[in-house]
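Visitor: Sharing a structure here in structure tokens format.
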Amino acid sequence: MNKVKTNTDTASRKKTDNNKQQHEIYLTFGEHLELFRKMIFRIVAVAIAFAVAIFCCKTIVWKWLMAPSEYDFCTYRWIEQFLRACGTDFAFEPFHVKMIATELSSQFMTHLSTSLYLGMLATSPYIVYELFKFISPALYDNERKYSVRITCIVYGLFIIGVLMSYFILFPISFRFLGTYSVSPMIESNITLDSYITTFTSLTLIMGVVFQLPVIAFFLGKIGLISSAVMAKYKKHALVAIMIIAAVITPPDVMTLILVALPLYLLYLVSISIVKKTERKAAGE
């Protein structure tokens, strides 16, 4: 008797869950807007909370932000250690680039805007979670699993791009451009706005361009590109990547190469991804 009752309760719960899911899927347009509005409010609230916390931790945050501008940044030490391990006694020369603020409110406004940017970056995992929760009721189980995998890959590639910008591209670019001089009579004074603008734009751009494999996957999935065509025009793609890298990076050759090289490697990876997609589609 208890077993029959337990089975009945389980079936009742499953039926209730199915009805709830169907109700979530077949919401009216106004109800969808209300859910979307609440989601936006939650995201904004979390982002503001992170931004306030980051704003209050001024010393720690700005030490982290300004670290790539120092001559003893960890990337330089890693390069020196690697070259010493290879038998080369190499060391970067110390340098110092003076930072200035040209307007009365520039430091406060830069501090405020940077805290908002970092707050959004810190909130990004929660944003991904909220967006997925919003669209998941309209997905089948297999589509939901597929979407989780794609979302994790997209976010992972974005973080890799951000880390590459922070640890490699921006420090090397800043060292070259900040210390470059046409004459000893000219002293370089970098404005705080210029530093932060270059830092944030390069970081965001690298996070976006690292989505190349995902874009190639979807284009290959719908048949707009093929692995054969991509492989055939590899040299042309390299030229196009060099042009794109020259546009999105500061004007120095070293940074251009450091951006173009991983982009071209991502292009080669994209060829393999599209080829695998084609084989899977042919097998089906």
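Labels for the structure tokens follow display order: chains A, B, ..., residues from 1 in each chain, ligands from 1.
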Would you tabulate, counting only C-alpha atoms, all residues of segment 195-247 of chain A that have an atom at most 8 Å from an atom of segment 265-274 of chain A, showing the closest pair of atoms and their distance in Å to one decimal, sorted by chain then ascending number, as a Markdown table?

Guide:
| residue | atom | partner | partner_atom | distance |
| --- | --- | --- | --- | --- |
| A:Phe210 | CA | A:Leu266 | CA | 7.5 |
| A:Leu212 | CA | A:Leu266 | CA | 6.7 |
| A:Pro213 | CA | A:Ser270 | CA | 4.7 |
| A:Val214 | CA | A:Ser270 | CA | 7.9 |
| A:Ala216 | CA | A:Ser270 | CA | 5.9 |
| A:Phe217 | CA | A:Val274 | CA | 5.7 |
| A:Gly220 | CA | A:Val274 | CA | 5.5 |
| A:Lys221 | CA | A:Val274 | CA | 7.7 |
| A:Ser226 | CA | A:Val274 | CA | 6.6 |
| A:Ser227 | CA | A:Ile271 | CA | 5.2 |
| A:Met230 | CA | A:Ile271 | CA | 6.3 |
| A:Ala231 | CA | A:Ile271 | CA | 6.8 |

Visitor: With only C-alpha atoms as the counted atoms, please give the residues lying no more than 9 Å from segment 31-45 of chain A, apart from itself and same-chain residues fewer than 2 positions off, as a ChimeraX atom specification.

Guide: /A:24,27-29,47-50,120,123,126-127,130-131,134

Visitor: Excluding segment 147-160 of chain A and any residue of its chain fewer than 6 positions from it, enumerate the residues within 12 Å of it, using only C-alpha atoms, and give them as a VMD selection string.

Guide: chain A and resid 121 to 122 124 to 129 131 to 133 135 to 136 138 to 141 166 to 168 203 to 215 217 to 218 262 266

Visitor: Have a look at atom CA of Tyr195 of chain A and atom CA of Leu65 of chain A and let me know their distance in Å, one decimal.

Guide: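 Pair atom CA of Tyr195 of chain A / atom CA of Leu65 of chain A returns 9.9 Å.
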
Visitor: Which polymer residues have any atom within 12 Å of an atom of segment 175-181 of chain A, counting only C-alpha atoms, with same-chain residues fewer than 2 positions away left out, as a PyMOL selection string?

Guide: chain A and resi 67-73+75-76+92-99+168-173+183-191+194-195+198+249-255

Visitor: Could you find all residues in segment 163-194 of chain A that DSSP calls helix (DSSP H, G or I) from the backbone, and write them as a PyMOL selection string?

Guide: chain A and resi 163-179+192-194

Visitor: Go ahead and compute the interatomic distance for atom CA of Ile79 of chain A and atom CA of Met66 of chain A, in Å to one decimal.

Guide: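 We find that atom CA of Ile79 of chain A and atom CA of Met66 of chain A lie 19.4 Å from each other.
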
Visitor: What is the atom CA of Phe199 of chain A to atom CA of Ser115 of chain A distance in Å?

Guide: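 Atom CA of Ser115 of chain A lies at a distance of 13.6 Å from atom CA of Phe199 of chain A.
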
Visitor: Return as a list in words the full set of residues in segment 19-261 of chain A whose backbone-based DSSP assignment is strand (DSSP E).

Guide: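 Result set for segment 19-261 of chain A (strand (DSSP E)): Lys98, Met99, Ile100, Asn189, Ile190 and Thr191 of chain A.
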
Visitor: I'd like to know which of A:Cys86, A:Val229, A:Leu116, A:Val259 is closest to Ala246 of chain A, using only C-alpha atoms.

Guide: A:Val259

Visitor: Which residue is closest to Gly119 of chain A? Choose from A:Leu163, A:Lys234, A:Val46, A:Leu192 and count only C-alpha atoms.

Guide: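 That would be A:Val46, the residue with the smallest distance to Gly119 of chain A.
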